[in-house]
Each structure stands twice: as C-alpha cells, then as structure tokens.
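> Just start-v7.tsv, nothing more (TSV, C-alpha atoms and all ligand atoms):
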chain	number	residue	atom	x	y	z
A	1	MET	CA	19.88	-8.36	-9.70
A	2	GLN	CA	19.16	-8.32	-5.99
A	3	ILE	CA	15.50	-8.92	-5.12
A	4	MET	CA	13.92	-7.88	-1.83
A	5	GLU	CA	10.40	-8.91	-0.86
A	6	PRO	CA	8.26	-9.68	2.19
A	7	ALA	CA	8.93	-13.24	3.41
A	8	VAL	CA	5.34	-14.22	2.51
A	9	TYR	CA	5.54	-12.83	-1.04
A	10	GLU	CA	5.97	-16.16	-2.81
A	11	ALA	CA	3.08	-17.68	-0.85
A	12	PHE	CA	0.58	-15.33	-2.50
A	13	HIS	CA	-1.94	-16.85	-4.88
A	14	CYS	CA	-5.15	-15.21	-6.02
A	15	ILE	CA	-8.08	-17.03	-4.43
A	16	GLY	CA	-10.42	-16.07	-7.30
A	17	GLY	CA	-14.01	-17.05	-6.63
A	18	ASP	CA	-13.42	-17.28	-2.85
A	19	CYS	CA	-12.31	-13.64	-2.60
A	20	THR	CA	-14.50	-11.48	-0.36
A	21	ASP	CA	-13.64	-8.22	-2.14
A	22	THR	CA	-12.61	-9.04	-5.68
A	23	CYS	CA	-10.36	-6.60	-7.50
A	24	CYS	CA	-12.49	-7.25	-10.61
A	25	ALA	CA	-15.26	-4.97	-9.33
A	26	ALA	CA	-15.38	-1.21	-8.64
A	27	TRP	CA	-12.13	-0.57	-10.53
A	28	GLU	CA	-11.96	-0.05	-14.25
A	29	VAL	CA	-9.35	-2.39	-15.76
A	30	VAL	CA	-6.79	-0.41	-17.78
A	31	VAL	CA	-5.60	-2.60	-20.67
A	32	ASP	CA	-1.96	-2.18	-21.75
A	33	PRO	CA	-1.46	-1.42	-25.51
A	34	GLU	CA	0.04	-4.85	-26.28
A	35	SER	CA	-2.89	-6.74	-24.73
A	36	ALA	CA	-5.40	-4.34	-26.33
A	37	GLU	CA	-3.94	-5.16	-29.75
A	38	LYS	CA	-4.07	-8.89	-28.96
A	39	TYR	CA	-7.71	-8.56	-27.83
A	40	ARG	CA	-8.64	-6.70	-31.04
A	41	GLN	CA	-7.35	-9.65	-33.06
A	42	ALA	CA	-8.95	-12.39	-30.89
A	43	GLY	CA	-11.31	-14.74	-32.69
A	44	GLY	CA	-14.60	-16.41	-31.80
A	45	ALA	CA	-17.25	-15.32	-29.36
A	46	ILE	CA	-14.72	-14.16	-26.74
A	47	GLY	CA	-13.09	-11.90	-29.36
A	48	GLU	CA	-16.47	-10.32	-30.07
A	49	ARG	CA	-17.07	-9.82	-26.35
A	50	LEU	CA	-13.62	-8.23	-25.98
A	51	ARG	CA	-14.20	-5.76	-28.79
A	52	ALA	CA	-17.64	-4.88	-27.46
A	53	VAL	CA	-16.39	-3.81	-24.01
A	54	MET	CA	-13.08	-2.11	-24.80
A	55	GLU	CA	-13.26	1.68	-24.93
A	56	GLN	CA	-10.97	4.68	-24.71
A	57	ASP	CA	-10.78	6.65	-21.46
A	58	GLY	CA	-8.45	9.53	-22.35
A	59	GLU	CA	-5.20	7.88	-23.37
A	60	ASP	CA	-6.11	4.55	-21.74
A	61	THR	CA	-7.94	1.58	-23.19
A	62	VAL	CA	-10.28	0.17	-20.53
A	63	PHE	CA	-12.94	-2.49	-20.11
A	64	ARG	CA	-16.30	-0.76	-19.61
A	65	LEU	CA	-17.70	-1.90	-16.23
A	66	GLN	CA	-21.14	-3.53	-16.15
A	67	ASN	CA	-23.04	-2.88	-12.91
A	68	GLY	CA	-19.74	-1.95	-11.29
A	69	ARG	CA	-18.09	-5.25	-12.27
A	70	CYS	CA	-15.51	-6.23	-14.88
A	71	PRO	CA	-17.52	-7.52	-17.88
A	72	PHE	CA	-15.54	-10.79	-17.75
A	73	LEU	CA	-16.26	-11.50	-14.08
A	74	ASN	CA	-18.89	-14.24	-14.13
A	75	GLN	CA	-21.57	-15.21	-11.59
A	76	GLU	CA	-19.10	-17.45	-9.70
A	77	ASN	CA	-16.69	-14.49	-9.45
A	78	LEU	CA	-14.33	-16.21	-11.89
A	79	CYS	CA	-12.74	-14.60	-14.93
A	80	ASP	CA	-14.18	-15.69	-18.31
A	81	LEU	CA	-11.06	-14.47	-20.12
A	82	TYR	CA	-8.88	-16.69	-17.92
A	83	ILE	CA	-11.26	-19.63	-18.46
A	84	GLU	CA	-11.49	-19.20	-22.25
A	85	LEU	CA	-7.99	-18.05	-23.20
A	86	GLY	CA	-5.80	-19.01	-20.22
A	87	GLU	CA	-3.66	-17.05	-17.77
A	88	ALA	CA	-1.29	-15.79	-20.49
A	89	SER	CA	-4.17	-13.84	-22.04
A	90	LEU	CA	-4.58	-11.51	-19.05
A	91	CYS	CA	-3.48	-7.90	-19.48
A	92	ALA	CA	-0.62	-6.42	-17.40
A	93	THR	CA	-3.01	-4.90	-14.81
A	94	CYS	CA	-4.64	-8.27	-14.05
A	95	THR	CA	-1.34	-10.19	-14.18
A	96	LYS	CA	0.47	-7.88	-11.76
A	97	TYR	CA	-2.15	-6.94	-9.18
A	98	PRO	CA	-1.73	-7.01	-6.18
A	99	ARG	CA	2.04	-7.11	-6.70
A	100	PHE	CA	4.04	-3.90	-6.88
A	101	THR	CA	7.66	-3.38	-7.87
A	102	HIS	CA	10.17	-0.60	-7.29
A	103	VAL	CA	13.52	-0.69	-9.09
A	104	TYR	CA	16.61	0.99	-7.65
A	105	GLY	CA	19.42	0.23	-10.11
A	106	GLY	CA	20.55	-3.31	-9.31
A	107	VAL	CA	17.95	-3.78	-6.55
A	108	THR	CA	14.30	-4.59	-7.16
A	109	GLU	CA	11.88	-4.36	-4.25
A	110	ARG	CA	8.64	-6.29	-4.59
A	111	GLY	CA	5.57	-6.26	-2.45
A	112	LEU	CA	1.89	-7.06	-2.21
A	113	SER	CA	-0.79	-4.40	-1.92
A	114	LEU	CA	-2.90	-4.65	1.23
A	115	SER	CA	-5.99	-3.67	-0.79
A	116	CYS	CA	-6.17	-7.35	-1.80
A	117	PRO	CA	-7.84	-9.37	1.00
A	118	GLU	CA	-5.63	-12.41	0.43
A	119	ALA	CA	-2.43	-10.33	0.49
A	120	ALA	CA	-3.73	-8.62	3.64
A	121	ARG	CA	-4.34	-12.01	5.26
A	122	LEU	CA	-0.79	-13.13	4.52
A	123	LEU	CA	0.87	-9.89	5.61
A	124	LEU	CA	-1.28	-8.86	8.57
A	125	ASN	CA	-2.28	-12.12	10.25
A	126	PRO	CA	1.05	-13.29	11.71
A	127	THR	CA	1.73	-12.24	15.29
A	128	GLU	CA	5.50	-12.21	14.80
A	129	PRO	CA	7.15	-9.12	13.24
A	130	MET	CA	6.98	-8.76	9.45
A	131	THR	CA	10.21	-9.88	7.78
A	132	PHE	CA	11.77	-9.36	4.37
A	133	VAL	CA	14.04	-11.66	2.40
A	134	THR	CA	16.59	-11.01	-0.33
A	135	HIS	CA	17.90	-13.20	-3.12
A	136	THR	CA	19.54	-12.72	-6.49
A	137	GLU	CA	18.03	-13.25	-9.90
A	138	GLU	CA	19.59	-13.04	-13.35
A	139	GLY	CA	19.31	-9.64	-14.99
A	140	PHE	CA	21.05	-6.34	-15.49
A	141	PRO	CA	20.77	-3.24	-13.27
A	142	GLU	CA	18.47	-0.57	-14.71
A	143	PRO	CA	20.23	2.65	-15.75
A	144	ASN	CA	19.38	5.24	-13.07
A	145	ALA	CA	20.23	8.66	-11.75
A	146	LEU	CA	20.32	7.65	-8.09
A	147	ASN	CA	22.78	9.33	-5.75
A	148	PRO	CA	24.51	6.30	-4.13
A	149	THR	CA	25.15	8.04	-0.79
A	150	LEU	CA	21.51	9.12	-0.55
A	151	TYR	CA	20.26	5.66	-1.58
A	152	PHE	CA	22.41	3.68	0.87
A	153	SER	CA	21.81	6.14	3.74
A	154	LEU	CA	18.05	5.96	3.26
A	155	ARG	CA	18.24	2.17	3.16
A	156	LYS	CA	20.20	2.04	6.40
A	157	VAL	CA	17.77	4.32	8.22
A	158	ARG	CA	14.83	2.37	6.88
A	159	ALA	CA	16.26	-0.80	8.47
A	160	ALA	CA	16.49	1.12	11.76
A	161	VAL	CA	12.89	2.36	11.29
A	162	PHE	CA	11.69	-1.23	10.88
A	163	GLU	CA	13.51	-2.18	14.10
A	164	MET	CA	11.97	0.73	16.01
A	165	LEU	CA	8.46	0.07	14.63
A	166	GLN	CA	8.76	-3.56	15.72
A	167	ASN	CA	9.99	-2.73	19.22
A	168	ARG	CA	6.92	-3.85	21.15
A	169	THR	CA	8.21	-2.48	24.44
A	170	LEU	CA	7.21	0.96	23.08
A	171	PRO	CA	3.54	1.99	22.81
A	172	LEU	CA	2.46	2.02	19.16
A	173	GLU	CA	1.58	5.72	19.24
A	174	GLU	CA	5.11	6.50	20.47
A	175	ARG	CA	6.50	4.44	17.59
A	176	ALA	CA	4.40	6.45	15.12
A	177	ARG	CA	5.66	9.70	16.69
A	178	ARG	CA	9.30	8.58	16.43
A	179	LEU	CA	8.71	7.74	12.78
A	180	CYS	CA	7.40	11.29	12.23
A	181	ALA	CA	10.36	12.79	14.09
A	182	ALA	CA	12.84	10.79	12.01
A	183	GLY	CA	11.00	11.75	8.81
A	184	GLU	CA	11.24	15.48	9.67
A	185	ALA	CA	14.92	15.30	10.63
A	186	VAL	CA	15.98	13.21	7.64
A	187	GLN	CA	14.05	15.49	5.27
A	188	LYS	CA	15.93	18.53	6.62
A	189	THR	CA	19.21	16.66	6.12
A	190	ILE	CA	18.23	15.76	2.55
A	191	ASN	CA	17.31	19.40	1.86
A	192	ARG	CA	20.82	20.43	2.98
A	193	ARG	CA	22.24	17.60	0.80
A	194	HIS	CA	24.17	16.25	3.80
A	195	TYR	CA	23.44	12.70	2.65
A	196	ALA	CA	26.26	11.08	4.63
A	197	GLN	CA	24.66	12.32	7.89
A	198	ILE	CA	21.20	10.88	7.20
A	199	ASP	CA	21.85	7.60	9.00
A	200	SER	CA	23.18	9.06	12.25
A	201	ILE	CA	20.56	11.85	12.38
A	202	GLY	CA	17.72	9.45	11.61
A	203	ARG	CA	18.86	6.88	14.19
A	204	LYS	CA	19.15	9.55	16.87
A	205	CYS	CA	15.48	10.50	16.36
A	206	LEU	CA	14.39	6.87	16.39
A	207	GLN	CA	15.97	6.37	19.81
A	208	ALA	CA	14.75	9.61	21.38
A	209	ASP	CA	11.54	10.03	23.35
A	210	ALA	CA	9.02	11.68	20.98
A	211	GLN	CA	6.16	12.40	23.37
A	212	THR	CA	5.96	16.03	22.28
A	213	VAL	CA	5.87	15.25	18.55
A	214	SER	CA	2.37	15.59	17.11
A	215	LEU	CA	1.05	13.18	14.51
A	216	PRO	CA	-0.39	14.57	11.24
A	217	GLU	CA	-4.16	15.08	11.31
A	218	LEU	CA	-6.47	13.22	8.96
A	219	PRO	CA	-7.15	15.43	5.92
A	220	GLU	CA	-10.36	17.43	5.78
A	221	LYS	CA	-10.28	17.76	2.00
A	222	GLN	CA	-12.87	15.89	-0.03
A	223	LEU	CA	-11.54	12.50	-1.13
A	224	ASP	CA	-12.45	10.55	-4.27
A	225	PHE	CA	-14.23	7.35	-3.29
A	226	LEU	CA	-14.49	4.05	-5.15
A	227	THR	CA	-17.02	2.52	-2.79
A	228	GLU	CA	-19.77	3.77	-0.50
A	229	THR	CA	-18.27	2.13	2.59
A	230	LEU	CA	-15.52	4.57	3.52
A	231	PRO	CA	-17.59	7.79	3.09
A	232	ARG	CA	-20.38	6.21	5.16
A	233	HIS	CA	-17.98	5.46	8.04
A	234	LEU	CA	-16.25	8.84	7.79
A	235	LYS	CA	-19.60	10.63	8.13
A	236	THR	CA	-20.17	9.12	11.57
A	237	LEU	CA	-16.57	9.26	12.85
A	238	LEU	CA	-16.44	11.10	16.20
A	239	PRO	CA	-13.48	13.06	17.65
A	240	GLU	CA	-13.09	10.37	20.32
A	241	ASP	CA	-12.54	7.66	17.67
A	242	THR	CA	-8.76	7.84	17.85
A	243	PRO	CA	-5.87	5.37	17.64
A	244	GLY	CA	-5.27	5.98	21.37
A	245	ALA	CA	-8.87	5.00	22.20
A	246	LEU	CA	-8.60	1.88	20.06
A	247	LEU	CA	-5.30	0.74	21.59
A	248	ALA	CA	-6.62	1.34	25.12
A	249	SER	CA	-9.73	-0.78	24.57
A	250	CYS	CA	-8.29	-3.30	22.12
A	251	PRO	CA	-4.51	-3.65	22.71
A	252	GLU	CA	-4.31	-6.73	20.45
A	253	ALA	CA	-4.98	-4.40	17.46
A	254	ALA	CA	-1.43	-3.04	17.90
A	255	VAL	CA	0.21	-6.00	16.13
A	256	MET	CA	-1.78	-5.62	12.91
A	257	LEU	CA	-1.33	-1.84	12.94
A	258	GLU	CA	2.41	-2.30	13.51
A	259	HIS	CA	2.48	-4.48	10.36
A	260	PHE	CA	0.54	-1.74	8.54
A	261	LEU	CA	3.14	0.90	9.47
A	262	VAL	CA	6.02	-1.41	8.45
A	263	TYR	CA	4.25	-2.14	5.14
A	264	GLY	CA	3.87	1.61	4.46
A	265	VAL	CA	7.52	2.34	5.21
A	266	TYR	CA	8.62	-0.60	3.05
A	267	ARG	CA	6.43	0.51	0.17
A	268	TYR	CA	7.13	4.25	0.14
A	269	TRP	CA	10.29	5.24	2.06
A	270	MET	CA	12.90	4.39	-0.62
A	271	GLU	CA	11.09	6.36	-3.33
A	272	ALA	CA	12.71	9.39	-1.70
A	273	ALA	CA	15.99	8.17	-3.23
A	274	TYR	CA	14.50	9.38	-6.54
A	275	ASP	CA	12.50	12.49	-5.62
A	276	ARG	CA	14.21	13.49	-2.30
A	277	GLN	CA	10.75	13.96	-0.74
A	278	LEU	CA	10.77	11.69	2.31
A	279	LEU	CA	8.47	13.63	4.62
A	280	PRO	CA	5.35	13.33	2.39
A	281	LYS	CA	5.85	9.56	2.36
A	282	VAL	CA	6.15	9.39	6.14
A	283	ARG	CA	3.02	11.55	6.49
A	284	LEU	CA	1.18	9.20	4.12
A	285	CYS	CA	2.17	6.11	6.15
A	286	VAL	CA	1.16	7.70	9.45
A	287	ARG	CA	-2.12	9.10	8.09
A	288	LEU	CA	-3.04	5.69	6.66
A	289	TYR	CA	-2.32	4.15	10.06
A	290	ARG	CA	-4.39	6.85	11.80
A	291	LEU	CA	-7.29	6.42	9.37
A	292	ALA	CA	-7.43	2.64	9.88
A	293	ALA	CA	-7.01	2.92	13.66
A	294	SER	CA	-9.72	5.62	13.91
A	295	LEU	CA	-12.18	3.58	11.86
A	296	ALA	CA	-11.38	0.57	14.05
A	297	ALA	CA	-12.00	2.69	17.19
A	298	GLN	CA	-15.35	3.71	15.72
A	299	ARG	CA	-16.20	0.06	15.15
A	300	VAL	CA	-15.35	-0.79	18.78
A	301	ARG	CA	-17.55	2.10	20.00
A	302	GLU	CA	-20.49	1.11	17.82
A	303	GLU	CA	-20.25	-2.68	18.07
A	304	SER	CA	-18.46	-3.10	21.43
A	305	GLY	CA	-15.74	-5.19	19.83
A	306	LEU	CA	-13.45	-5.75	16.89
A	307	SER	CA	-12.32	-9.05	15.40
A	308	LYS	CA	-9.02	-9.56	13.57
A	309	GLU	CA	-10.98	-10.12	10.39
A	310	GLU	CA	-12.78	-6.76	10.80
A	311	LEU	CA	-9.54	-4.86	11.40
A	312	ARG	CA	-7.98	-6.52	8.36
A	313	LYS	CA	-10.97	-5.46	6.24
A	314	ILE	CA	-10.66	-1.88	7.52
A	315	ILE	CA	-6.95	-1.76	6.59
A	316	SER	CA	-7.69	-3.21	3.12
A	317	LEU	CA	-10.44	-0.65	2.60
A	318	CYS	CA	-8.12	2.25	3.54
A	319	CYS	CA	-5.50	0.96	1.07
A	320	LYS	CA	-8.06	0.43	-1.67
A	321	GLU	CA	-9.47	3.94	-1.34
A	322	ILE	CA	-6.25	5.88	-0.75
A	323	GLU	CA	-3.31	4.01	-2.27
A	324	HIS	CA	-4.91	3.36	-5.64
A	325	CYS	CA	-6.09	6.92	-6.28
A	326	SER	CA	-3.43	9.49	-7.14
A	327	GLU	CA	-5.57	12.44	-5.89
A	328	ASN	CA	-6.16	10.76	-2.50
A	329	LEU	CA	-2.50	9.80	-2.23
A	330	GLU	CA	-1.53	13.43	-2.74
A	331	ILE	CA	-3.98	14.60	-0.07
A	332	PHE	CA	-2.69	12.02	2.42
A	333	SER	CA	0.93	12.93	1.65
A	334	ALA	CA	0.50	16.67	2.26
A	335	VAL	CA	3.25	17.97	4.53
A	336	ARG	CA	0.96	20.48	6.32
A	401	LIG	S1	-8.40	-8.99	-4.65
A	401	LIG	FE1	-6.63	-10.44	-4.55
A	401	LIG	S2	-7.49	-12.45	-4.02
A	401	LIG	FE2	-9.19	-11.11	-4.64
A	401	LIG	S3	-9.54	-11.55	-6.82
A	401	LIG	FE3	-8.09	-9.81	-6.72
A	401	LIG	S4	-6.00	-10.67	-6.68
A	401	LIG	FE4	-7.46	-12.34	-6.25
Output the file's structure in the form of structure tokens.
Ligand code: SF4


Amino acid sequence: MQIMEPAVYEAFHCIGGDCTDTCCAAWEVVVDPESAEKYRQAGGAIGERLRAVMEQDGEDTVFRLQNGRCPFLNQENLCDLYIELGEASLCATCTKYPRFTHVYGGVTERGLSLSCPEAARLLLNPTEPMTFVTHTEEGFPEPNALNPTLYFSLRKVRAAVFEMLQNRTLPLEERARRLCAAGEAVQKTINRRHYAQIDSIGRKCLQADAQTVSLPELPEKQLDFLTETLPRHLKTLLPEDTPGALLASCPEAAVMLEHFLVYGVYRYWMEAAYDRQLLPKVRLCVRLYRLAASLAAQRVREESGLSKEELRKIISLCCKEIEHCSENLEIFSAVR
C-alpha cells in the first residue's frame, strides 16, 4: 500500500489538557458499535458511568454531553476513560480525530483536520510551502470502482495545483482565481468523459491569467453552528471585510492562507475520482479560504492588527464549523 501524508503528519500528538479548544467539548462523541458493546460490559465505577451516559441518537450511540462537555472530560481537561482504562479503551471517534483517511485502491491518503488547534499549529505555522511525503506499508489494495485514467489525471493536475498555489510570485487572490478556473475547466472535461485531456486542460488554466474569473460568494443560507463564536462574528461582518482588504493591510497572512488552500485541495480534490464532482470541492476550498480571510479582515478592522495565533484560531474555527457538519459542507460546496 502506498501512503501519502503531510510531512508533519507523524509529528502530531494530542496535547490533551494543554489544548485551547478541546475536541471533547461542543461535539457529541459518536461511539462505534464495537466500543459501545465493550462499554456496556465494563465493570466497576467507570462501567456504571459509561452506561449512565450512553444513549441512542437515531442510529448512533453517543455520550450525552454535560454542560456542553464530554462526560469523561475532567476539570483538568483530561479524559477519565483514558486515565482509568487506557488508550486502547477509546472509541474509534476519539482514536482517529483529528486524523482523516481517504483510500483510492492501493493508495491511502492521510491528513490532519485543521479544526484541531495542535494540527493547525503544525500545518499552518511553517513559513515554507506545505509538503507531502509518500511511503509504503504492508497491506492489500481495497477493491474499488475507480476509473484509472480519471484517477491518475486528477492526481497529476492536483500536483500542478499545489505548485501554482505555492507560487508566491503570484498574488494569493490570483492563485485562488486560477484554482477556480481550473476547477471549472476540469469539471467540463470530466462531464464529457475526456479523462485523458484533464491534465493538459487543467494545467493550461493554472498558467493563464485569471483576473476576470470571479470567486464564489460566501453563502447567505443559514448555517448550523456548534459554537456562538462564528455567528457572532458573521453578524458584524461588513462588505469591506474581504480577503483583498486583509492581504493589503496584512500581507504576512498570505502564507497561512496559502497553506489553508493547499490543505483544502489535498483533502477534497481526489474525492472527485469517485463521484466525478470536482467543482463543488473547489468551491468549498475557495469559500473556506474566503470565510477565514474575511473574518481575519474584520479582526484587523476592529482590533487594528492580527497575530499569527489569531489567524490560526480563525482558520480552525472555520474548519470546525463547516467541515464537520454535512449540511454546512453542502452549502459551502454549492456550485451556484
Ligand atoms: S483538539 Fe486536538 S489537541 Fe485538542 S484535545 Fe482534541 S485531538 Fe487533542
């Protein structure tokens, strides 16, 4: 099996009690059936606690939150389950997060979600371009229905997209426009099933001036919110809070936002090899970038400045609210 992952992937470790925005609050923990069964059989006081907080939410078994926090998150922001029963006792949700995995036959792509502050620090802090590494691991390719020409063409163009997004001689807004132009052109080529032409058509768009291409607007539809922070900021967002305004007043923000675009393309682009819907994924990446950049512009206007830490928090917040909610993801992926 070939494995691809961001170069910093292996460096990730949960920082537990030192985390500034723990994933053990606000979200309900969905417990996989195997862990739920194990928890039902657990003995002692921890077993009683487990049985007291597990409940059904539709088809899912979840831990009922207490004051918006996981019932096992203690005062020191540490996990009582981990302390009492060890790491192996954690359910799949807690074991995996913030890691994500996409399997394409013999290739597995892994990544870290930027909604986790520690993952965001590792992925967004470096000033040099984000890089990815590959290695092989034992295992068999998953049976799949991928079209090989479509898969390899999309992979080639994605490599060219990374190169374009990391070309710092181009203004970041121009890079975002070229990404949109390539997304439109490649989608049309996919629709015509001319898979062998995807690479050349995509590359042509990535090299061409895209000043006349317009970026997708932020959605006006009502979003589902996990926290009060994003709706509060959105209420006071002004039309002049734009990525252009941010980059004019705070050019150093471009590096972190470049990483954010590269992260989005890495995470979503190749899924089009399965559903042939590339354009919605490109729209999602660009809208996420625009949302974070607009909120950062608002921050600069209101506070006359923006630290790296603040921009990183804004990007994490956008990911937390949009990427982990299927309804919000759909709204942000809309083609129109
Ligand atoms: S958000 Fe990340 S660092 Fe924080 S508790 Fe969760 S996994 Fe650990």

> What's the 10 Å shell around Leu218 (chain A), counting all atoms listed in the file, without same-chain residues fewer than 6 positions away, as a list in words?

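So, after excluding close chain neighbours, the residues are Arg283, Leu284, Val286, Arg287, Leu288, Arg290, Leu291, Ser294, Ile331 and Phe332 of chain A.
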
> Any chance you could work out the axis-aligned box around ligand LIG 401 (chain A), listed atoms only, 8 Å on each side, giving centre and edge lengths in Å to one decimal, as lines of an AutoDock Vina configuration file?


center_x = -7.8
center_y = -10.7
center_z = -5.4
size_x = 19.5
size_y = 19.5
size_z = 18.8

> At a cut-off of 12 Å, using only C-alpha atoms, what residues contact region 233-249 of chain A? Leave out same-chain residues fewer than 5 positions from it and give the result as an MDAnalysis selection string.

chainID A and resid 171:174 176 215 217:220 222:223 225 227:228 254:258 286:302 304:306 311 314 317:318

> Give me, as number ranges by chain, the set of residues whose atoms come within 8 Å of any atom of ligand LIG 401 (chain A), counting all atoms listed in the file.

A: 13-24, 94, 97-98, 115-119

> Taking 4 positions as the minimum chain separation for residues in the same chain, which residues sit within 9 Å of region 270-278 of chain A when counting only C-alpha atoms? Answer as JSON, numbers by chain.

{"A": [102, 104, 145, 146, 147, 148, 150, 151, 152, 154, 155, 158, 183, 184, 186, 187, 190, 191, 265, 266, 282, 283]}

> Can you pull out every residue within 6 Å of region 204-214 of chain A, counting all atoms listed in the file, but drop anything in the same chain fewer than 3 positions away, and send it as a list in words?

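Using all atoms listed in the file, the neighbours found are Arg177, Arg178, Ala182 and Ile201 of chain A.
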
> Report, in Å to a single decimal, how far apart CA of Met4 (chain A) and CA of Gly111 (chain A) are.

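Taking CA of Gly111 (chain A) as the start and CA of Met4 (chain A) as the end point, the length is 8.5 Å.
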
> By how many Å are CA of Pro216 (chain A) and CA of Phe260 (chain A) apart?

16.6 Å

> Between CA of Glu323 (chain A) and CA of Ser35 (chain A), what distance in Å does the model show, to one decimal?

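Separation of CA of Glu323 (chain A) and CA of Ser35 (chain A): 24.9 Å.
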
> Go through A:Asp32, A:Glu309, A:Glu330, A:Glu48 and flag the residue nearest Arg121 (chain A), using all atoms listed in the file for the distances.

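Counting all atoms listed in the file, the residue closest to Arg121 (chain A) is A:Glu309.
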
> Which one of A:Arg203, A:Arg40, A:Lys320, A:Lys188 sits closest to Lys156 (chain A) if you count only C-alpha atoms?

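Among the listed residues, the smallest separation from Lys156 (chain A) belongs to A:Arg203.
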
> Step by step: locate region 30-108 of chain A in the block above, keep C-alpha atoms, then write the file as a short mmCIF file (atom, residue, chain, number, x, y, z; two decimals), in the first residue's frame.


data_model
loop_
_atom_site.label_atom_id
_atom_site.label_comp_id
_atom_site.auth_asym_id
_atom_site.auth_seq_id
_atom_site.Cartn_x
_atom_site.Cartn_y
_atom_site.Cartn_z
CA VAL A 30 -20.46 9.05 18.42
CA VAL A 31 -19.45 5.64 19.82
CA ASP A 32 -18.82 2.87 17.27
CA PRO A 33 -20.84 -0.36 17.85
CA GLU A 34 -17.80 -2.41 18.93
CA SER A 35 -16.76 0.11 21.59
CA ALA A 36 -20.39 0.57 22.71
CA GLU A 37 -20.61 -3.19 23.34
CA LYS A 38 -17.29 -3.12 25.22
CA TYR A 39 -18.52 -0.17 27.34
CA ARG A 40 -21.77 -2.00 28.17
CA GLN A 41 -19.73 -4.87 29.59
CA ALA A 42 -17.21 -2.70 31.51
CA GLY A 43 -17.01 -3.33 35.25
CA GLY A 44 -16.56 -1.12 38.30
CA ALA A 45 -17.45 2.51 38.77
CA ILE A 46 -16.26 3.51 35.27
CA GLY A 47 -18.58 0.87 33.76
CA GLU A 48 -21.51 2.38 35.67
CA ARG A 49 -20.55 5.85 34.47
CA LEU A 50 -20.33 4.59 30.88
CA ARG A 51 -23.76 3.01 30.96
CA ALA A 52 -25.26 6.11 32.55
CA VAL A 53 -24.16 8.47 29.76
CA MET A 54 -24.57 6.34 26.64
CA GLU A 55 -27.78 6.99 24.71
CA GLN A 56 -29.22 6.47 21.25
CA ASP A 57 -29.35 9.40 18.81
CA GLY A 58 -31.15 7.92 15.80
CA GLU A 59 -28.96 5.04 14.67
CA ASP A 60 -25.91 6.29 16.61
CA THR A 61 -24.85 5.55 20.16
CA VAL A 62 -23.49 8.76 21.71
CA PHE A 63 -22.19 10.07 25.02
CA ARG A 64 -24.70 12.59 26.38
CA LEU A 65 -22.89 15.93 26.81
CA GLN A 66 -22.88 17.56 30.26
CA ASN A 67 -22.77 21.37 30.12
CA GLY A 68 -21.53 21.10 26.55
CA ARG A 69 -18.62 18.82 27.51
CA CYS A 70 -17.93 15.11 27.09
CA PRO A 71 -18.96 13.49 30.42
CA PHE A 72 -15.47 11.96 30.71
CA LEU A 73 -13.60 15.25 30.30
CA ASN A 74 -12.43 16.14 33.80
CA GLN A 75 -11.61 19.51 35.40
CA GLU A 76 -8.00 19.35 34.11
CA ASN A 77 -9.35 18.78 30.58
CA LEU A 78 -8.07 15.19 30.67
CA CYS A 79 -10.05 12.12 29.71
CA ASP A 80 -11.19 9.91 32.63
CA LEU A 81 -11.73 6.96 30.29
CA TYR A 82 -8.12 7.21 29.09
CA ILE A 83 -6.90 7.53 32.69
CA GLU A 84 -8.97 4.60 34.02
CA LEU A 85 -8.93 2.14 31.12
CA GLY A 86 -6.00 3.25 28.93
CA GLU A 87 -5.70 4.46 25.35
CA ALA A 88 -6.96 1.17 23.88
CA SER A 89 -10.35 1.78 25.51
CA LEU A 90 -11.11 4.87 23.42
CA CYS A 91 -13.79 4.56 20.75
CA ALA A 92 -12.98 4.99 17.03
CA THR A 93 -14.04 8.68 17.01
CA CYS A 94 -11.62 9.60 19.82
CA THR A 95 -8.81 7.38 18.48
CA LYS A 96 -8.93 8.81 14.95
CA TYR A 97 -9.62 12.51 15.44
CA PRO A 98 -8.11 14.74 14.07
CA ARG A 99 -6.77 12.28 11.51
CA PHE A 100 -8.66 11.62 8.29
CA THR A 101 -8.08 8.95 5.67
CA HIS A 102 -9.10 8.56 2.03
CA VAL A 103 -8.48 5.25 0.25
CA TYR A 104 -8.00 5.08 -3.52
CA GLY A 105 -7.33 1.41 -4.28
CA GLY A 106 -3.67 0.85 -3.45
CA VAL A 107 -3.13 4.43 -2.27
CA THR A 108 -4.17 5.75 1.13
#
